[in-house]
Structure formats: structure tokens, C-alpha cells
$ cat query20.cif   # mmCIF, C-alpha atoms
data_input
#
loop_
_atom_site.label_atom_id
_atom_site.label_comp_id
_atom_site.auth_asym_id
_atom_site.auth_seq_id
_atom_site.Cartn_x
_atom_site.Cartn_y
_atom_site.Cartn_z
CA LEU A 214 0.00 0.00 0.00
CA ASP A 215 1.08 3.54 -0.73
CA ALA A 216 -1.64 5.09 1.45
CA LEU A 217 -4.72 4.29 3.47
CA VAL A 218 -7.76 6.42 2.55
CA PHE A 219 -10.67 7.13 4.91
CA ASP A 220 -13.80 8.20 3.00
CA ILE A 221 -16.72 7.49 5.34
CA GLN A 222 -19.69 9.64 6.38
CA ASP A 223 -19.89 10.33 10.12
CA ILE A 224 -22.99 11.85 11.75
CA GLY A 225 -21.47 14.11 14.39
CA CYS A 226 -21.97 12.03 17.55
CA ARG A 227 -19.16 10.65 19.72
CA PHE A 228 -20.60 7.13 20.05
CA TYR A 229 -21.25 6.71 16.32
CA THR A 230 -18.11 4.64 15.98
CA TYR A 231 -16.84 5.47 12.48
CA VAL A 232 -14.47 8.04 14.00
CA SER A 233 -13.16 5.33 16.34
CA THR A 234 -12.41 3.18 13.30
CA MET A 235 -10.65 6.18 11.77
CA GLY A 236 -8.49 6.65 14.87
CA LEU A 237 -7.48 3.00 14.97
CA ALA A 238 -6.77 3.04 11.23
CA MET A 239 -4.52 6.08 11.70
CA GLU A 240 -2.56 4.19 14.33
CA ALA A 241 -2.20 1.23 11.96
CA ALA A 242 -1.04 3.52 9.14
CA LYS A 243 1.59 5.04 11.39
CA GLU A 244 2.79 1.57 12.42
CA ALA A 245 2.98 0.49 8.78
CA GLY A 246 4.74 3.69 7.72
CA ILE A 247 2.14 4.71 5.13
CA ARG A 248 0.29 7.93 4.52
CA PHE A 249 -3.26 8.33 5.93
CA VAL A 250 -5.63 10.39 3.79
CA VAL A 251 -9.01 11.62 5.03
CA LEU A 252 -11.46 12.68 2.35
CA ASP A 253 -13.45 14.98 4.57
CA ARG A 254 -17.26 14.96 4.76
CA VAL A 255 -19.77 17.44 6.14
CA ASN A 256 -21.04 17.05 9.67
CA PRO A 257 -24.71 16.36 8.84
CA ILE A 258 -26.05 17.79 12.11
CA GLY A 259 -23.89 20.92 11.83
CA GLY A 260 -20.57 22.18 13.06
CA VAL A 261 -21.70 24.97 15.36
CA ILE A 262 -23.55 23.33 18.27
CA VAL A 263 -21.33 21.51 20.75
CA ASP A 264 -23.12 19.78 23.61
CA GLY A 265 -23.03 17.05 26.21
CA PRO A 266 -20.35 15.90 28.62
CA VAL A 267 -16.77 15.37 27.52
CA ARG A 268 -15.75 11.71 27.93
CA THR A 269 -14.36 10.84 31.33
CA GLY A 270 -13.38 7.65 33.15
CA GLU A 271 -12.53 4.18 31.96
CA GLY A 272 -14.66 2.02 29.68
CA ASN A 273 -15.24 0.90 26.13
CA ASP A 274 -12.99 3.19 24.12
CA PHE A 275 -14.52 2.10 20.82
CA VAL A 276 -17.76 3.93 21.69
CA ALA A 277 -15.78 6.79 23.29
CA PHE A 278 -12.48 7.02 21.45
CA HIS A 279 -11.28 10.40 22.68
CA GLU A 280 -12.02 13.20 25.15
CA ILE A 281 -14.74 14.89 23.12
CA PRO A 282 -18.36 15.73 23.98
CA VAL A 283 -21.35 13.70 22.76
CA GLN A 284 -22.19 16.27 20.05
CA HIS A 285 -18.74 17.45 19.00
CA GLY A 286 -19.54 19.75 16.06
CA MET A 287 -16.47 18.62 14.08
CA THR A 288 -15.86 16.88 10.76
CA THR A 289 -13.93 13.66 10.34
CA GLY A 290 -10.99 15.61 8.96
CA GLU A 291 -10.94 17.96 11.92
CA LEU A 292 -11.19 15.04 14.33
CA ALA A 293 -8.34 13.28 12.52
CA ARG A 294 -6.13 16.33 13.11
CA MET A 295 -7.12 16.34 16.79
CA PHE A 296 -6.53 12.61 17.26
CA ASN A 297 -3.18 12.77 15.49
CA ALA A 298 -1.92 15.51 17.77
CA GLU A 299 -3.61 14.89 21.12
CA ARG A 300 -3.24 11.10 21.05
CA LYS A 301 0.33 11.52 19.76
CA VAL A 302 -0.30 9.18 16.82
CA GLY A 303 2.14 11.04 14.60
CA ALA A 304 0.68 9.66 11.37
CA ASP A 305 1.57 11.11 7.96
CA LEU A 306 -1.89 12.69 7.77
CA VAL A 307 -3.42 14.44 4.77
CA VAL A 308 -6.94 15.91 5.01
CA VAL A 309 -8.72 16.82 1.76
CA PRO A 310 -11.25 19.49 2.80
CA VAL A 311 -14.90 19.71 1.80
CA GLU A 312 -15.62 22.43 -0.74
CA GLY A 313 -18.49 24.85 -0.17
CA TRP A 314 -19.53 23.70 3.30
CA ASN A 315 -20.42 26.17 6.02
CA PRO A 316 -20.51 24.72 9.55
CA ALA A 317 -23.93 26.33 10.07
CA MET A 318 -25.34 23.96 7.42
CA ARG A 319 -27.15 20.74 8.19
CA PHE A 320 -27.09 18.00 5.61
CA ASP A 321 -30.22 19.08 3.74
CA ASP A 322 -28.75 22.57 3.31
CA THR A 323 -25.97 21.13 1.13
CA GLY A 324 -28.19 19.91 -1.71
CA LEU A 325 -26.50 16.50 -1.52
CA PRO A 326 -28.67 13.36 -1.66
CA TRP A 327 -29.03 11.49 1.63
CA VAL A 328 -27.34 8.08 1.54
CA ASN A 329 -27.77 5.97 4.67
CA PRO A 330 -24.36 5.93 6.41
CA SER A 331 -25.53 2.78 8.22
CA PRO A 332 -28.67 0.62 7.99
CA ASN A 333 -30.37 2.24 11.00
CA MET A 334 -29.52 5.85 10.16
CA ARG A 335 -32.07 6.58 7.47
CA SER A 336 -32.73 10.31 7.61
CA LEU A 337 -31.41 13.63 8.85
CA ALA A 338 -34.17 13.66 11.50
CA GLN A 339 -32.81 10.42 12.93
CA ALA A 340 -29.27 11.82 12.89
CA LEU A 341 -30.44 14.94 14.75
CA LEU A 342 -32.21 12.84 17.39
CA TYR A 343 -29.45 10.24 17.76
CA PRO A 344 -27.09 12.04 20.22
CA GLY A 345 -29.98 12.18 22.68
CA VAL A 346 -32.12 9.10 22.02
CA GLY A 347 -29.04 6.95 21.46
CA LEU A 348 -27.93 7.50 25.06
CA VAL A 349 -30.40 4.87 26.32
CA GLU A 350 -29.47 2.25 23.74
CA PHE A 351 -27.54 -0.04 26.08
CA THR A 352 -30.26 0.09 28.74
CA ASN A 353 -33.33 -2.18 28.74
CA VAL A 354 -35.19 0.09 26.31
CA SER A 355 -35.71 -0.33 22.56
CA VAL A 356 -34.62 2.67 20.51
CA GLY A 357 -36.59 1.48 17.51
CA ARG A 358 -34.06 -0.77 15.81
CA GLY A 359 -36.10 -3.29 13.86
CA THR A 360 -38.78 -0.70 13.02
CA PRO A 361 -39.04 1.65 10.01
CA SER A 362 -37.98 4.63 12.14
CA PRO A 363 -35.10 3.88 14.53
CA PHE A 364 -34.21 6.65 17.00
CA GLU A 365 -37.50 8.42 16.33
CA HIS A 366 -39.15 6.53 19.20
CA ILE A 367 -38.32 4.43 22.25
CA GLY A 368 -40.29 1.80 24.10
CA ALA A 369 -40.38 -1.34 26.22
CA PRO A 370 -43.04 -3.83 27.34
CA TRP A 371 -42.90 -2.36 30.87
CA ILE A 372 -43.51 1.29 29.86
CA HIS A 373 -46.93 3.00 29.97
CA ASP A 374 -46.97 5.10 26.80
CA GLY A 375 -49.45 7.75 27.88
CA LYS A 376 -47.93 8.28 31.32
CA LEU A 377 -44.38 8.58 29.95
CA ALA A 378 -45.47 11.07 27.28
CA GLN A 379 -47.30 13.12 29.90
CA ARG A 380 -44.29 13.05 32.22
CA MET A 381 -41.92 14.23 29.49
CA ARG A 382 -44.26 16.99 28.34
CA GLN A 383 -44.13 18.45 31.84
CA GLU A 384 -40.53 19.40 31.11
CA THR A 385 -39.83 22.02 28.45
CA ILE A 386 -37.81 20.37 25.68
CA ALA A 387 -37.43 22.95 22.95
CA GLY A 388 -37.95 21.96 19.33
CA VAL A 389 -39.50 18.51 19.79
CA GLU A 390 -42.97 17.09 20.37
CA VAL A 391 -43.34 13.94 22.49
CA LEU A 392 -46.37 11.72 21.85
CA PRO A 393 -47.44 8.23 23.03
CA ASP A 394 -46.42 5.40 20.72
CA ARG A 395 -46.52 1.62 20.33
CA PHE A 396 -44.39 -0.60 18.10
CA THR A 397 -43.10 -4.15 17.71
CA PRO A 398 -39.41 -4.46 16.74
CA GLU A 399 -38.60 -7.16 14.19
CA VAL A 400 -35.00 -7.44 15.42
CA SER A 401 -32.76 -6.31 18.28
CA VAL A 402 -34.05 -5.47 21.77
CA TYR A 403 -37.55 -6.85 22.48
CA LYS A 404 -37.74 -8.60 19.12
CA ASN A 405 -41.39 -9.46 18.28
CA GLU A 406 -42.60 -8.01 21.59
CA ASP A 407 -45.22 -5.27 21.87
CA CYS A 408 -43.51 -2.14 23.17
CA ALA A 409 -45.16 0.99 24.52
CA GLY A 410 -43.30 4.26 24.69
CA VAL A 411 -43.02 7.67 23.07
CA ARG A 412 -42.34 9.06 19.61
CA PHE A 413 -40.37 12.24 18.90
CA TYR A 414 -41.31 14.79 16.23
CA LEU A 415 -38.87 17.62 15.49
CA SER A 416 -40.78 20.91 15.40
CA ASP A 417 -37.89 23.41 15.42
CA ARG A 418 -34.43 22.07 14.80
CA GLU A 419 -32.81 25.47 15.45
CA SER A 420 -33.81 25.38 19.11
CA PHE A 421 -33.64 21.59 19.51
CA ARG A 422 -30.82 20.17 21.60
CA PRO A 423 -30.69 16.37 21.49
CA LEU A 424 -28.92 16.20 24.85
CA ASP A 425 -31.93 17.92 26.47
CA LEU A 426 -34.11 15.14 25.11
CA GLY A 427 -31.72 12.39 26.16
CA ILE A 428 -31.34 13.65 29.72
CA GLU A 429 -35.08 14.19 30.16
CA LEU A 430 -35.69 10.69 28.82
CA MET A 431 -33.30 9.25 31.40
CA ARG A 432 -34.80 11.39 34.18
CA ALA A 433 -38.37 10.41 33.29
CA LEU A 434 -37.71 6.68 32.97
CA HIS A 435 -35.76 6.58 36.21
CA GLY A 436 -38.40 8.66 38.00
CA MET A 437 -41.24 6.40 36.86
CA TYR A 438 -39.48 3.01 36.91
CA PRO A 439 -36.53 3.26 39.33
CA LYS A 440 -36.45 -0.49 39.97
CA THR A 441 -36.87 -1.52 36.32
CA PHE A 442 -34.96 0.98 34.17
CA THR A 443 -31.28 -0.02 34.11
CA LEU A 444 -29.91 3.51 34.37
CA LYS A 445 -27.40 2.78 37.13
CA SER A 446 -25.89 -0.32 35.52
CA LYS A 447 -26.09 0.60 31.82
CA GLY A 448 -26.77 4.32 31.50
CA ASN A 449 -23.11 5.32 31.33
CA VAL A 450 -22.04 2.95 28.54
CA LEU A 451 -22.42 5.66 25.88
CA LEU A 452 -22.71 8.81 27.99
CA ARG A 453 -19.32 8.17 29.65
CA HIS A 454 -19.82 10.76 32.38
CA ALA A 455 -20.53 9.11 35.73
CA PRO A 456 -21.33 12.40 37.55
CA THR A 457 -24.31 12.86 35.22
CA ILE A 458 -25.68 9.41 36.04
CA GLU A 459 -25.21 10.06 39.75
CA ALA A 460 -26.99 13.40 39.43
CA ILE A 461 -29.98 11.79 37.70
CA LEU A 462 -30.13 9.10 40.38
CA ASP A 463 -30.11 11.88 43.00
CA GLY A 464 -32.98 13.74 41.31
CA ALA A 465 -30.99 16.69 39.94
CA SER A 466 -32.58 19.08 37.45
CA ARG A 467 -31.47 19.37 33.85
CA ASP A 468 -29.89 22.76 34.58
CA GLU A 469 -27.89 21.27 37.46
CA ILE A 470 -26.75 18.43 35.17
CA ARG A 471 -25.73 20.84 32.43
CA GLU A 472 -23.63 22.77 34.93
CA LEU A 473 -21.58 19.60 35.45
CA TRP A 474 -20.68 19.65 31.75
CA ARG A 475 -19.67 23.30 31.49
CA PRO A 476 -15.97 23.13 32.49
CA GLY A 477 -15.26 20.23 30.12
CA LEU A 478 -17.10 21.89 27.24
CA GLU A 479 -15.27 25.19 27.73
CA ASP A 480 -11.95 23.36 27.68
CA PHE A 481 -12.93 21.36 24.59
CA LEU A 482 -13.95 24.47 22.64
CA LYS A 483 -10.50 25.93 23.29
CA ARG A 484 -8.74 22.67 22.39
CA ARG A 485 -10.59 22.19 19.11
CA GLU A 486 -9.73 25.67 17.76
CA THR A 487 -6.30 24.41 16.66
CA TYR A 488 -7.78 21.66 14.49
CA LEU A 489 -10.73 23.39 12.79
CA LEU A 490 -10.67 23.60 8.99
CA TYR A 491 -13.88 25.58 8.48
CA PRO A 492 -14.38 28.92 10.30
CA ARG A 493 -17.04 28.96 13.04
CA SER A 494 -18.91 32.20 13.55
#
$ encode --input "query20.cif" --output "C-alpha cells"
Amino acid sequence: LDALVFDIQDIGCRFYTYVSTMGLAMEAAKEAGIRFVVLDRVNPIGGVIVDGPVRTGEGNDFVAFHEIPVQHGMTTGELARMFNAERKVGADLVVVPVEGWNPAMRFDDTGLPWVNPSPNMRSLAQALLYPGVGLVEFTNVSVGRGTPSPFEHIGAPWIHDGKLAQRMRQETIAGVEVLPDRFTPEVSVYKNEDCAGVRFYLSDRESFRPLDLGIELMRALHGMYPKTFTLKSKGNVLLRHAPTIEAILDGASRDEIRELWRPGLEDFLKRRETYLLYPRS
């Protein structure tokens, strides 16, 4: 090989593991002494909003490859530059930038056709919801895999759909409507079982913050089903911020939880400046 080329569409969420594959491939390229080329892609959920806790603690590094927040607001090329420097990979890295992309754009602003980056990521709406809804994926809740609309709803046989929807509507979650829902997954968690839960409809994506939805989902499920919902044992698999889980278990508000994230986010925003390829306003 003369070079290893990475040309894969990420969706802008830390636990969507294509960027982990990229990081490991960079390490392999360095070990083999070959150039690593990233053909950069747009961040489909935008490059301006940065949200969620920065990864802390030990755990599965493939779903949390580096110290970045859940919604990192970077492209694969920018992340490659960060990984190469901060993880001291030292690869012979070349990033081919995207032409004509403004970080304020979402994918449908580009005029490019949507091509599913993975089988269960079928629309921009699902990508926008994923950093929040995806947080509960390793718990005992279905996130809609095995249905026509993964990540647009959640459910389980032990959930009361109407009561959960009512509970979540009591909290103000900007930009999204929460309605009762029922579905039966054909694969994955609760395969062929009737699940009750809630469905999410984006009403204003400018004000929507997926982490608000994800945290309120965790708070509501724990508040209603503290002995059933596996928040304590599984809630941190993708979140990777134990203080947040502890705060939810202790009944903290969303504002109190967000305050826990602030120092890490401020530090990350300073760190990422060195690696950005597209100016942020």
C-alpha cells in the first residue's frame, strides 16, 4: 500500500463509531509507515452546536475514542487532526477538505442526496435525534431498531406510553414534540414483543438540543421506573460521564446536570480551535 484512505460519512456524535475506526486506522497507518488520507465529509447535524459531557473515566474506548463531547460539532478531517496531535499518533496525515460547506449547514442545506451511512440511520431527522435518544441504547429500552424509524421513538413492554409522554411533556424540551407510541421491533431489543413508549417529532431544529431530550428521557424513565430501568448499571455505557448518572439518580434538574458539563465543554472548545478547517462564527 502507498496510502490508506478514509472516505466514510460520520454523523457528528461521539458514540457513532466510524471516528473510532478512523483513529485506529490512523494508528495502523503510522505503524505500517504509510500515509493516511481523510477525504473529509460534512457534519450532517452541523458544526456549530457543541453539547453534552466530555468523555471521562474508563470504559469501552470504541464507543468513546477520545475526550470529546457527545455532540462534537467537528468533521472527520478535523477530528483526525485532533486525534493525530492529542493522542500523539504522529501519522503522515493528509486531510482533503470539503468544498463549499459552512458549519452552520445541516445536511439538507448542502443539496446532496441522503445516503444511509448505516442501515439504522435513514434520515437527517434520525441523525439529529441520535445524540440524545441513542444515550439509552444499552439500557433495557428499545430505541426502535427493527422498526421503520429507529431513533425516532423508544419503548419497552414495561412502559406505559401515555404516562411517559405526559411526564416528558411536563418538562420544556425545545424543538421537539413527544407523543405516546406503540411498536413491535422485528430485530434487536424486544424482538417481536409489543412495546409501549413515546415518539419524537422535530418541530424546530434550530432550538432543539438532542442532549436535552436524552437527559429528560433518562430522568423520566428513572423517576417512573426506578427499579426496572437499568440507568445505574447501563446508563453510562455511551454517555461516559458518571457524575451525570449520579446526578440523575439523586434527582438533579437538567440545569444542574448541564452545569456539570460546562468546564469540560469550555476546555474542549478551546482545544478544538487548533484543528478546525472551516471557520465557526
$ resolve_selection --input "query20.cif" --expression "the PyMOL selection byres ((chain A and resi 275-278) around 10)" --output "PyMOL selection string"
chain A and resi 226-237+267-269+271-274+279-283+296+450-453
$ resolve_selection --input "query20.cif" --expression "the PyMOL selection byres ((chain A and resi 445) around 10)" --output "number ranges by chain"
A: 352, 435, 439, 442-444, 446-449, 455, 458-459, 461-462
$ closest_residue --input "query20.cif" --among "A:Ile372, A:Gly265, A:Arg300, A:Thr323" --to "Thr457 (chain A)" --atoms "only C-alpha atoms"
A:Gly265
$ atom_distance --input "query20.cif" --atom1 "CA of Leu426 (chain A)" --atom2 "CA of Ile386 (chain A)"
6.4 Å
$ residues_near_point --input "query20.cif" --point "(-45.2, 9.0, 22.5)" --cutoff "7 Å" --atoms "all atoms listed in the file" --output "VMD selection string"
chain A and resid 374 to 375 378 391 to 394 410 to 413
$ residues_near_point --input "query20.cif" --point "(-15.2, 16.2, 10.0)" --cutoff "7 Å" --atoms "all atoms listed in the file" --output "PyMOL selection string"
chain A and resi 253-256+287-292
$ residues_around --input "query20.cif" --residues "Thr397 (chain A)" --least-positions-apart "3" --cutoff "12 Å" --atoms "only C-alpha atoms" --output "JSON, numbers by chain"
{"A": [355, 356, 357, 358, 359, 360, 361, 362, 363, 366, 367, 368, 369, 370, 394, 400, 401, 402, 403, 404, 405, 406, 407, 408, 409, 410]}
$ residues_around --input "query20.cif" --residues "Pro330 (chain A)" --least-positions-apart "3" --cutoff "8 Å" --atoms "only C-alpha atoms" --output "list in words"
Ile221, Gln222, Asp223, Met334 and Arg335 of chain A
$ atom_distance --input "query20.cif" --atom1 "CA of Ser416 (chain A)" --atom2 "CA of Leu342 (chain A)"
11.9 Å
$ closest_residue --input "query20.cif" --among "A:Ala298, A:Val354, A:Leu214, A:Leu252" --to "Arg484 (chain A)" --atoms "only C-alpha atoms"
A:Ala298
$ closest_residue --input "query20.cif" --among "A:Gln383, A:Pro398, A:His454, A:Ile224" --to "Asn329 (chain A)" --atoms "only C-alpha atoms"
A:Ile224
$ atom_distance --input "query20.cif" --atom1 "CA of Arg493 (chain A)" --atom2 "CA of Phe481 (chain A)"
14.4 Å
$ axis_aligned_box --input "query20.cif" --around "region 387-403 of chain A" --padding-each-side "4 Å" --output "JSON"
{"center_x": -40.1, "center_y": 7.8, "center_z": 18.6, "size_x": 22.7, "size_y": 38.4, "size_z": 16.8}
$ residues_around --input "query20.cif" --residues "Gly388 (chain A)" --least-positions-apart "4" --cutoff "8 Å" --atoms "all atoms listed in the file" --output "ChimeraX atom specification"
/A:415-422
$ resolve_selection --input "query20.cif" --expression "the PyMOL selection byres ((chain A and resi 428-433) around 8)" --output "ChimeraX atom specification"
/A:345-346,349,377,380-381,384,424-427,434-437,444,461,464,467
$ write_last_selection --input "query20.cif" --atoms "C-alpha atoms" --output "PDB file, in the frame of the given file"
ATOM      1  CA  GLY A 345     -29.980  12.180  22.680  1.00  0.00           C
ATOM      2  CA  VAL A 346     -32.120   9.100  22.020  1.00  0.00           C
ATOM      3  CA  VAL A 349     -30.400   4.870  26.320  1.00  0.00           C
ATOM      4  CA  LEU A 377     -44.380   8.580  29.950  1.00  0.00           C
ATOM      5  CA  ARG A 380     -44.290  13.050  32.220  1.00  0.00           C
ATOM      6  CA  MET A 381     -41.920  14.230  29.490  1.00  0.00           C
ATOM      7  CA  GLU A 384     -40.530  19.400  31.110  1.00  0.00           C
ATOM      8  CA  LEU A 424     -28.920  16.200  24.850  1.00  0.00           C
ATOM      9  CA  ASP A 425     -31.930  17.920  26.470  1.00  0.00           C
ATOM     10  CA  LEU A 426     -34.110  15.140  25.110  1.00  0.00           C
ATOM     11  CA  GLY A 427     -31.720  12.390  26.160  1.00  0.00           C
ATOM     12  CA  LEU A 434     -37.710   6.680  32.970  1.00  0.00           C
ATOM     13  CA  HIS A 435     -35.760   6.580  36.210  1.00  0.00           C
ATOM     14  CA  GLY A 436     -38.400   8.660  38.000  1.00  0.00           C
ATOM     15  CA  MET A 437     -41.240   6.400  36.860  1.00  0.00           C
ATOM     16  CA  LEU A 444     -29.910   3.510  34.370  1.00  0.00           C
ATOM     17  CA  ILE A 461     -29.980  11.790  37.700  1.00  0.00           C
ATOM     18  CA  GLY A 464     -32.980  13.740  41.310  1.00  0.00           C
ATOM     19  CA  ARG A 467     -31.470  19.370  33.850  1.00  0.00           C
TER      20      ARG A 467
END
$ closest_residue --input "query20.cif" --among "A:Pro326, A:Pro310, A:Pro316, A:Pro456" --to "Asp220 (chain A)" --atoms "all atoms listed in the file"
A:Pro310
$ residues_around --input "query20.cif" --residues "Ala304 (chain A)" --least-positions-apart "2" --cutoff "12 Å" --atoms "only C-alpha atoms" --output "PyMOL selection string"
chain A and resi 216-217+235-251+293-302+306-308
$ closest_residue --input "query20.cif" --among "A:Val309, A:Leu490, A:Asp321, A:Gly225" --to "Val263 (chain A)" --atoms "all atoms listed in the file"
A:Gly225
$ build_atoms --input "query20.cif" --residues "region 216-227 of chain A" --atoms "N, CA, C and O atoms" --output "mmCIF file, in the coordinates of the input"
data_model
loop_
_atom_site.group_PDB
_atom_site.id
_atom_site.type_symbol
_atom_site.label_atom_id
_atom_site.label_comp_id
_atom_site.auth_asym_id
_atom_site.auth_seq_id
_atom_site.Cartn_x
_atom_site.Cartn_y
_atom_site.Cartn_z
ATOM 1 N N ALA A 216 -0.898 4.257 0.510
ATOM 2 C CA ALA A 216 -1.640 5.090 1.450
ATOM 3 C C ALA A 216 -2.917 4.381 1.865
ATOM 4 O O ALA A 216 -3.395 3.475 1.163
ATOM 5 N N LEU A 217 -3.435 4.777 3.000
ATOM 6 C CA LEU A 217 -4.720 4.290 3.470
ATOM 7 C C LEU A 217 -5.681 5.473 3.434
ATOM 8 O O LEU A 217 -5.372 6.540 3.994
ATOM 9 N N VAL A 218 -6.823 5.311 2.754
ATOM 10 C CA VAL A 218 -7.760 6.420 2.550
ATOM 11 C C VAL A 218 -9.030 6.182 3.355
ATOM 12 O O VAL A 218 -9.636 5.111 3.275
ATOM 13 N N PHE A 219 -9.439 7.183 4.133
ATOM 14 C CA PHE A 219 -10.670 7.130 4.910
ATOM 15 C C PHE A 219 -11.695 8.036 4.233
ATOM 16 O O PHE A 219 -11.518 9.253 4.180
ATOM 17 N N ASP A 220 -12.764 7.451 3.739
ATOM 18 C CA ASP A 220 -13.800 8.200 3.000
ATOM 19 C C ASP A 220 -15.163 7.697 3.465
ATOM 20 O O ASP A 220 -15.872 7.005 2.741
ATOM 21 N N ILE A 221 -15.518 8.027 4.699
ATOM 22 C CA ILE A 221 -16.720 7.490 5.340
ATOM 23 C C ILE A 221 -17.501 8.638 5.973
ATOM 24 O O ILE A 221 -16.914 9.538 6.581
ATOM 25 N N GLN A 222 -18.829 8.586 5.859
ATOM 26 C CA GLN A 222 -19.690 9.640 6.380
ATOM 27 C C GLN A 222 -20.006 9.418 7.862
ATOM 28 O O GLN A 222 -20.655 8.453 8.231
ATOM 29 N N ASP A 223 -19.547 10.339 8.696
ATOM 30 C CA ASP A 223 -19.890 10.330 10.120
ATOM 31 C C ASP A 223 -21.206 11.088 10.302
ATOM 32 O O ASP A 223 -21.724 11.694 9.358
ATOM 33 N N ILE A 224 -21.765 11.064 11.524
ATOM 34 C CA ILE A 224 -22.990 11.850 11.750
ATOM 35 C C ILE A 224 -22.861 12.852 12.888
ATOM 36 O O ILE A 224 -23.858 13.455 13.290
ATOM 37 N N GLY A 225 -21.664 13.027 13.436
ATOM 38 C CA GLY A 225 -21.470 14.110 14.390
ATOM 39 C C GLY A 225 -21.731 13.763 15.844
ATOM 40 O O GLY A 225 -21.906 14.664 16.668
ATOM 41 N N CYS A 226 -21.718 12.473 16.180
ATOM 42 C CA CYS A 226 -21.970 12.030 17.550
ATOM 43 C C CYS A 226 -20.834 11.137 18.007
ATOM 44 O O CYS A 226 -20.425 10.240 17.272
ATOM 45 N N ARG A 227 -20.343 11.353 19.236
ATOM 46 C CA ARG A 227 -19.160 10.650 19.720
ATOM 47 C C ARG A 227 -19.286 9.137 19.665
ATOM 48 O O ARG A 227 -18.337 8.428 19.338
#
